[in-house]
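Novice: I'm passing along upload36.pdb; it holds PDB, C-alpha atoms and all ligand atoms.
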ATOM      1  CA  MET A   1     -43.523   0.120  48.377
ATOM      2  CA  ASN A   2     -45.888   0.571  45.432
ATOM      3  CA  ARG A   3     -48.901   2.815  45.441
ATOM      4  CA  THR A   4     -51.499   0.135  46.170
ATOM      5  CA  ASN A   5     -49.590  -1.209  49.145
ATOM      6  CA  ARG A   6     -49.094   2.255  50.528
ATOM      7  CA  ARG A   7     -52.818   2.922  50.336
ATOM      8  CA  ALA A   8     -53.660  -0.363  52.041
ATOM      9  CA  LEU A   9     -51.271   0.557  54.828
ATOM     10  CA  THR A  10     -52.857   4.003  55.235
ATOM     11  CA  VAL A  11     -56.319   2.472  55.506
ATOM     12  CA  ALA A  12     -55.106  -0.040  58.074
ATOM     13  CA  ILE A  13     -53.530   2.684  60.211
ATOM     14  CA  GLY A  14     -56.663   4.825  59.923
ATOM     15  CA  ALA A  15     -58.854   1.955  61.048
ATOM     16  CA  SER A  16     -56.725   1.218  64.085
ATOM     17  CA  ALA A  17     -56.664   4.901  65.073
ATOM     18  CA  LEU A  18     -60.462   4.887  64.995
ATOM     19  CA  TRP A  19     -60.473   1.714  67.086
ATOM     20  CA  LEU A  20     -58.258   3.427  69.656
ATOM     21  CA  ALA A  21     -60.631   6.397  69.742
ATOM     22  CA  VAL A  22     -63.889   4.501  70.152
ATOM     23  CA  GLY A  23     -62.650   1.072  71.210
ATOM     24  CA  PRO A  24     -62.119   1.456  74.951
ATOM     25  CA  ALA A  25     -65.322   3.426  75.539
ATOM     26  CA  TRP A  26     -67.319   1.005  73.501
ATOM     27  CA  ALA A  27     -65.683  -2.043  75.063
ATOM     28  CA  HIS A  28     -66.550  -0.837  78.564
ATOM     29  CA  GLY A  29     -70.128  -0.068  77.572
ATOM     30  CA  ASP A  30     -69.581   3.366  79.042
ATOM     31  CA  VAL A  31     -72.094   5.969  77.973
ATOM     32  CA  GLY A  32     -72.408   7.850  81.282
ATOM     33  CA  PRO A  33     -74.475   6.880  84.335
ATOM     34  CA  GLN A  34     -77.352   4.658  83.364
ATOM     35  CA  ALA A  35     -80.778   4.317  84.919
ATOM     36  CA  VAL A  36     -81.314   0.725  85.991
ATOM     37  CA  ALA A  37     -84.640  -1.120  85.740
ATOM     38  CA  THR A  38     -85.111  -3.185  88.884
ATOM     39  CA  ASP A  39     -88.612  -4.515  88.139
ATOM     40  CA  GLY A  40     -89.229  -7.839  89.793
ATOM     41  CA  LEU A  41     -87.006  -7.181  92.818
ATOM     42  CA  GLU A  42     -88.567  -6.684  96.231
ATOM     43  CA  PRO A  43     -88.998  -2.873  96.480
ATOM     44  CA  LEU A  44     -87.007  -1.059  99.182
ATOM     45  CA  ALA A  45     -87.830   2.159 101.025
ATOM     46  CA  ALA A  46     -86.439   5.228  99.272
ATOM     47  CA  ASP A  47     -85.376   6.961 102.487
ATOM     48  CA  ALA A  48     -84.376   4.101 104.793
ATOM     49  CA  TRP A  49     -80.956   2.831 103.782
ATOM     50  CA  LEU A  50     -80.196  -0.775 104.686
ATOM     51  CA  ASP A  51     -76.755  -1.794 105.929
ATOM     52  CA  GLU A  52     -76.961  -5.354 104.651
ATOM     53  CA  ASN A  53     -77.675  -6.652 101.156
ATOM     54  CA  PRO A  54     -81.326  -7.831 101.020
ATOM     55  CA  TYR A  55     -80.697  -9.499  97.647
ATOM     56  CA  ARG A  56     -77.619 -11.591  98.407
ATOM     57  CA  GLY A  57     -77.792 -14.773  96.331
ATOM     58  CA  ASN A  58     -80.903 -13.607  94.462
ATOM     59  CA  ARG A  59     -80.341 -14.724  90.874
ATOM     60  CA  GLN A  60     -82.486 -12.019  89.327
ATOM     61  CA  ALA A  61     -80.707  -9.316  91.329
ATOM     62  CA  ILE A  62     -77.344 -10.741  90.267
ATOM     63  CA  GLU A  63     -78.378 -10.541  86.623
ATOM     64  CA  ILE A  64     -79.684  -6.972  86.918
ATOM     65  CA  GLY A  65     -76.587  -6.030  88.914
ATOM     66  CA  ALA A  66     -74.190  -7.455  86.328
ATOM     67  CA  SER A  67     -75.660  -5.221  83.663
ATOM     68  CA  ALA A  68     -75.868  -2.177  85.966
ATOM     69  CA  TYR A  69     -72.241  -2.729  86.982
ATOM     70  CA  GLY A  70     -71.189  -2.853  83.322
ATOM     71  CA  GLN A  71     -72.931   0.434  82.619
ATOM     72  CA  ASN A  72     -71.899   2.384  85.715
ATOM     73  CA  CYS A  73     -68.798   0.936  87.343
ATOM     74  CA  ALA A  74     -66.783  -1.083  84.826
ATOM     75  CA  ARG A  75     -65.067   1.908  83.243
ATOM     76  CA  CYS A  76     -63.116   2.430  86.471
ATOM     77  CA  HIS A  77     -63.368  -0.847  88.388
ATOM     78  CA  GLY A  78     -62.816  -3.080  85.355
ATOM     79  CA  LEU A  79     -64.801  -5.427  83.140
ATOM     80  CA  ASP A  80     -66.265  -8.360  85.103
ATOM     81  CA  ALA A  81     -65.046  -6.542  88.243
ATOM     82  CA  VAL A  82     -61.437  -7.443  87.479
ATOM     83  CA  SER A  83     -59.592  -4.255  88.357
ATOM     84  CA  GLY A  84     -57.132  -2.904  85.823
ATOM     85  CA  GLY A  85     -55.416  -0.926  88.581
ATOM     86  CA  ILE A  86     -57.091   2.504  88.403
ATOM     87  CA  ALA A  87     -59.683   1.691  91.079
ATOM     88  CA  PRO A  88     -59.865  -1.009  93.775
ATOM     89  CA  ASP A  89     -60.808  -4.579  92.901
ATOM     90  CA  LEU A  90     -64.371  -4.887  94.216
ATOM     91  CA  ARG A  91     -64.237  -8.688  94.286
ATOM     92  CA  GLU A  92     -62.196  -8.404  97.454
ATOM     93  CA  LEU A  93     -65.056  -6.956  99.525
ATOM     94  CA  GLY A  94     -66.845  -9.786 101.347
ATOM     95  CA  PRO A  95     -70.309  -9.584 102.943
ATOM     96  CA  GLU A  96     -68.934  -7.872 106.061
ATOM     97  CA  TYR A  97     -68.378  -4.810 103.850
ATOM     98  CA  ASP A  98     -72.039  -4.232 102.895
ATOM     99  CA  ASP A  99     -72.362  -1.058 104.943
ATOM    100  CA  TYR A 100     -69.011   0.273 103.723
ATOM    101  CA  PHE A 101     -70.017  -0.540 100.139
ATOM    102  CA  ILE A 102     -73.346   1.285 100.198
ATOM    103  CA  GLY A 103     -71.726   4.319 101.844
ATOM    104  CA  LYS A 104     -69.098   4.588  99.098
ATOM    105  CA  VAL A 105     -71.611   4.139  96.308
ATOM    106  CA  ARG A 106     -74.007   6.727  97.740
ATOM    107  CA  SER A 107     -71.375   9.386  98.416
ATOM    108  CA  GLY A 108     -68.551   8.568  96.029
ATOM    109  CA  VAL A 109     -65.020   9.501  97.014
ATOM    110  CA  GLN A 110     -63.760  13.080  97.125
ATOM    111  CA  ARG A 111     -60.423  14.144  98.557
ATOM    112  CA  ASN A 112     -58.651  17.494  98.416
ATOM    113  CA  GLY A 113     -61.312  18.842  96.077
ATOM    114  CA  MET A 114     -60.856  15.994  93.611
ATOM    115  CA  THR A 115     -63.540  13.487  92.691
ATOM    116  CA  TYR A 116     -62.015  10.023  92.635
ATOM    117  CA  MET A 117     -65.374   8.373  92.305
ATOM    118  CA  PRO A 118     -68.733  10.067  91.560
ATOM    119  CA  ALA A 119     -71.611   9.861  94.062
ATOM    120  CA  PHE A 120     -74.416   7.612  92.840
ATOM    121  CA  GLU A 121     -77.162   8.715  95.225
ATOM    122  CA  GLY A 122     -79.870  10.300  93.075
ATOM    123  CA  VAL A 123     -78.521   8.478  90.016
ATOM    124  CA  LEU A 124     -79.152   4.895  91.108
ATOM    125  CA  ASP A 125     -81.875   3.902  93.566
ATOM    126  CA  GLN A 126     -81.281   1.635  96.537
ATOM    127  CA  GLU A 127     -82.564  -1.426  94.643
ATOM    128  CA  ALA A 128     -80.028  -0.871  91.838
ATOM    129  CA  MET A 129     -77.139  -0.403  94.294
ATOM    130  CA  TRP A 130     -77.898  -3.631  96.164
ATOM    131  CA  ALA A 131     -78.383  -5.470  92.862
ATOM    132  CA  ILE A 132     -74.852  -4.394  91.889
ATOM    133  CA  ARG A 133     -73.716  -5.581  95.293
ATOM    134  CA  ALA A 134     -75.428  -8.960  94.673
ATOM    135  CA  TYR A 135     -73.463  -9.305  91.441
ATOM    136  CA  LEU A 136     -70.240  -8.394  93.275
ATOM    137  CA  ASP A 137     -71.059 -10.937  96.018
ATOM    138  CA  LYS A 138     -71.079 -13.559  93.292
ATOM    139  CA  ARG A 139     -67.777 -12.283  91.871
ATOM    140  CA  HIS A 140     -66.365 -12.400  95.431
ATOM    141  CA  TYR A 141     -67.354 -16.057  95.670
ATOM    142  CA  GLU A 142     -65.788 -16.859  92.318
ATOM    143  CA  TYR A 143     -62.639 -14.922  93.220
ATOM    144  CA  ASN A 144     -62.257 -16.993  96.387
ATOM    145  CA  ASP A 145     -63.164 -20.312  94.746
ATOM    146  CA  LYS A 146     -66.185 -20.670  97.021
ATOM    147  CA  ASP A 147     -69.152 -22.741  95.931
ATOM    148  CA  PRO A 148     -71.826 -20.340  94.581
ATOM    149  CA  ALA A 149     -74.517 -22.839  95.635
ATOM    150  CA  ALA A 150     -73.981 -21.593  99.199
ATOM    151  CA  LEU A 151     -74.647 -18.057  97.971
ATOM    152  CA  TYR A 152     -77.877 -18.943  96.186
ATOM    153  CA  GLU A 153     -79.050 -20.866  99.267
ATOM    154  CA  GLN A 154     -78.924 -17.659 101.282
ATOM    155  CA  ALA A 155     -81.617 -16.139  99.043
ATOM    156  CA  GLU A 156     -83.689 -19.312  98.984
ATOM    157  CA  GLY A 157     -83.489 -19.567 102.768
ATOM    158  CA  ARG A 158     -84.819 -16.008 103.077
ATOM    159  CA  GLY A 159     -87.524 -16.418 100.444
TER     160      GLY A 159
HETATM  161  C1  LIG B 201     -64.749   7.505  87.743
HETATM  162  C2  LIG B 201     -64.263   6.229  88.201
HETATM  163  C3  LIG B 201     -65.173   5.425  89.100
HETATM  164  C4  LIG B 201     -66.464   4.997  88.864
HETATM  165  C5  LIG B 201     -67.343   5.256  87.654
HETATM  166  C6  LIG B 201     -66.825   4.193  90.009
HETATM  167  N1  LIG B 201     -65.804   4.156  90.914
HETATM  168 FE1  LIG B 201     -65.787   3.218  92.702
HETATM  169  N2  LIG B 201     -63.957   3.962  93.126
HETATM  170  C7  LIG B 201     -63.173   4.669  92.241
HETATM  171  C8  LIG B 201     -61.894   4.975  92.878
HETATM  172  C9  LIG B 201     -60.736   5.727  92.229
HETATM  173  C10 LIG B 201     -61.946   4.439  94.173
HETATM  174  C11 LIG B 201     -60.860   4.536  95.252
HETATM  175  C12 LIG B 201     -61.039   5.866  95.908
HETATM  176  C13 LIG B 201     -60.029   6.128  96.977
HETATM  177  O1  LIG B 201     -58.916   6.518  96.628
HETATM  178  O2  LIG B 201     -60.368   5.946  98.156
HETATM  179  C14 LIG B 201     -63.258   3.797  94.286
HETATM  180  C15 LIG B 201     -63.691   3.133  95.425
HETATM  181  C16 LIG B 201     -64.849   2.369  95.492
HETATM  182  C17 LIG B 201     -65.225   1.559  96.632
HETATM  183  C18 LIG B 201     -64.393   1.340  97.893
HETATM  184  C19 LIG B 201     -63.456   0.174  97.561
HETATM  185  C20 LIG B 201     -62.435  -0.190  98.600
HETATM  186  O3  LIG B 201     -61.853  -1.292  98.462
HETATM  187  O4  LIG B 201     -62.180   0.593  99.506
HETATM  188  C21 LIG B 201     -66.410   0.961  96.305
HETATM  189  C22 LIG B 201     -67.215   0.004  97.166
HETATM  190  C23 LIG B 201     -66.765   1.402  94.972
HETATM  191  N3  LIG B 201     -65.790   2.267  94.513
HETATM  192  C24 LIG B 201     -67.881   0.973  94.278
HETATM  193  C25 LIG B 201     -68.260   1.464  93.018
HETATM  194  C26 LIG B 201     -69.467   1.059  92.333
HETATM  195  C27 LIG B 201     -70.438   0.003  92.813
HETATM  196  C28 LIG B 201     -69.529   1.802  91.185
HETATM  197  C29 LIG B 201     -70.627   1.817  90.149
HETATM  198  C30 LIG B 201     -71.966   2.058  90.653
HETATM  199  C31 LIG B 201     -68.342   2.641  91.148
HETATM  200  N4  LIG B 201     -67.596   2.402  92.270
HETATM  201  C32 LIG B 201     -68.038   3.545  90.127
HETATM  202  C33 LIG B 201     -63.520   5.062  90.977
HETATM  203  C34 LIG B 201     -64.765   4.874  90.386
END
Please express what this file holds, its structure, as structure tokens.

Specialist:
Amino acid sequence: MNRTNRRALTVAIGASALWLAVGPAWAHGDVGPQAVATDGLEPLAADAWLDENPYRGNRQAIEIGASAYGQNCARCHGLDAVSGGIAPDLRELGPEYDDYFIGKVRSGVQRNGMTYMPAFEGVLDQEAMWAIRAYLDKRHYEYNDKDPAALYEQAEGRG
């Protein structure tokens, strides 16, 4: 190998090492817990936790939730909520799991002194958590090949 080729190879290896270092973090949009702007959503009481998603099928909530999910959950639960195996696939949780969902997100998961999932109470407000849930409701529909029109109708029927 001549000198020029060797140098080109070194640069290529250097660039891919840098990609490995910053790539995954960057790709998951993960820069630590992120405050979520929920302007435009019906405000919820700060101290009265609901056990059912008030925003199910609400398009604006789904949009806010998609972004909030990407910033706060995707690094463990996977991009687009497709689990890579390190944390459960959240598309599997149907509407009957609303109460279970909000409990997990508020408290996180600790076992034997280990934090498997951080608690989000105090980091995200109730509006942000249910917006994430609204996004996951949509992913649940898509995962099960259900018609999302039925999901949107639930919000329109409430409104
Ligand atoms: C640091 C990694 C991590 C982050 C960040 C994280 N989770 Fe988790 N989550 C986990 C793990 C691991 C579990 C499984 C814990 C266990 O063993 O019971 C879990 C479990 C859950 C469960 C219960 C799932 C089930 O099928 O039982 C829900 C709901 C959940 N997470 C929602 C979220 C949401 C929403 C976010 C973002 C706001 C989030 N998680 C952020 C790691 C994470």

Novice: Kindly provide the residues of range 31-119 of chain A that approach range 125-142 of chain A to within 6 Å, each paired with its closest atom pair and their distance in Å to one decimal, based on only C-alpha atoms, listed by chain and increasing number, as JSON lines.

Specialist:
{"residue": "A:Asn53", "atom": "CA", "partner": "A:Trp130", "partner_atom": "CA", "distance": 5.8}
{"residue": "A:Arg56", "atom": "CA", "partner": "A:Ala134", "partner_atom": "CA", "distance": 5.1}
{"residue": "A:Ala61", "atom": "CA", "partner": "A:Ala131", "partner_atom": "CA", "distance": 4.7}
{"residue": "A:Ile62", "atom": "CA", "partner": "A:Tyr135", "partner_atom": "CA", "distance": 4.3}
{"residue": "A:Gly65", "atom": "CA", "partner": "A:Ile132", "partner_atom": "CA", "distance": 3.8}
{"residue": "A:Ala66", "atom": "CA", "partner": "A:Tyr135", "partner_atom": "CA", "distance": 5.5}
{"residue": "A:Tyr69", "atom": "CA", "partner": "A:Ile132", "partner_atom": "CA", "distance": 5.8}
{"residue": "A:Arg91", "atom": "CA", "partner": "A:His140", "partner_atom": "CA", "distance": 4.4}

Novice: Which residues of range 36-135 of chain A come within 7 Å of range 145-159 of chain A, and what is each one's closest atom pair and distance in Å (one decimal), counting all atoms listed in the file, sorted by chain and residue number, as JSON lines?

Specialist:
{"residue": "A:Tyr55", "atom": "CA", "partner": "A:Ala155", "partner_atom": "CA", "distance": 6.8}
{"residue": "A:Arg56", "atom": "CA", "partner": "A:Ala155", "partner_atom": "CA", "distance": 6.1}
{"residue": "A:Gly57", "atom": "CA", "partner": "A:Tyr152", "partner_atom": "CA", "distance": 4.2}
{"residue": "A:Asn58", "atom": "CA", "partner": "A:Ala155", "partner_atom": "CA", "distance": 5.3}

Novice: Taking into account all atoms listed in the file, which residue in the set A:Pro33, A:Gly113, A:Gly84, A:Pro43 is nearest to ligand LIG 201 (chain B)?

Specialist: A:Pro33

Novice: Assuming the chain letters and numbering stay as they are in my file, what does the PyMOL selection byres (((not hetatm)) within 7 of (chain B and resi 201)) actually select? List them as a list in words.

Specialist: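 Checked against the file, the PyMOL selection byres (((not hetatm)) within 7 of (chain B and resi 201)) matches Tyr69, Asn72, Cys73, Ala74, Arg75, Cys76, His77, Ile86, Ala87, Pro88, Asp89, Leu90, Leu93, Tyr100, Phe101, Ile102, Lys104, Val105, Gly108, Val109, Tyr116, Met117, Pro118, Phe120, Met129, Ile132 and Arg133 of chain A.
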
Novice: Return the single residue from A:Ala45, A:Ser107, A:Pro95, A:Ala81 that is closest to Tyr143 in chain A, with distances computed using all atoms listed in the file.

Specialist: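 The answer is A:Ala81, which sits nearest to Tyr143 in chain A.
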
Novice: Which value, in Å to one decimal, gives the distance between CA of Tyr97 in chain A and CA of Leu79 in chain A?

Specialist: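 So the answer is 21.0 Å.
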
Novice: Any idea what the distance is between CA of Val36 in chain A and CA of Gln60 in chain A?

Specialist: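 Calculated distance between CA of Val36 in chain A and CA of Gln60 in chain A is 13.2 Å.
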
Novice: Write out as JSON an axis-aligned box for range 68-72 of chain A: all of its atoms listed in the file, 8 Å added on each side, centre and edge lengths in Å with one decimal.

Specialist:
{"center_x": -73.5, "center_y": -0.2, "center_z": 84.8, "size_x": 20.7, "size_y": 21.2, "size_z": 20.4}

Novice: Just the number, please: distance in Å from CA of Ala119 in chain A to CA of Gly40 in chain A, one decimal.

Specialist: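 Result for CA of Ala119 in chain A versus CA of Gly40 in chain A: 25.3 Å, one decimal.
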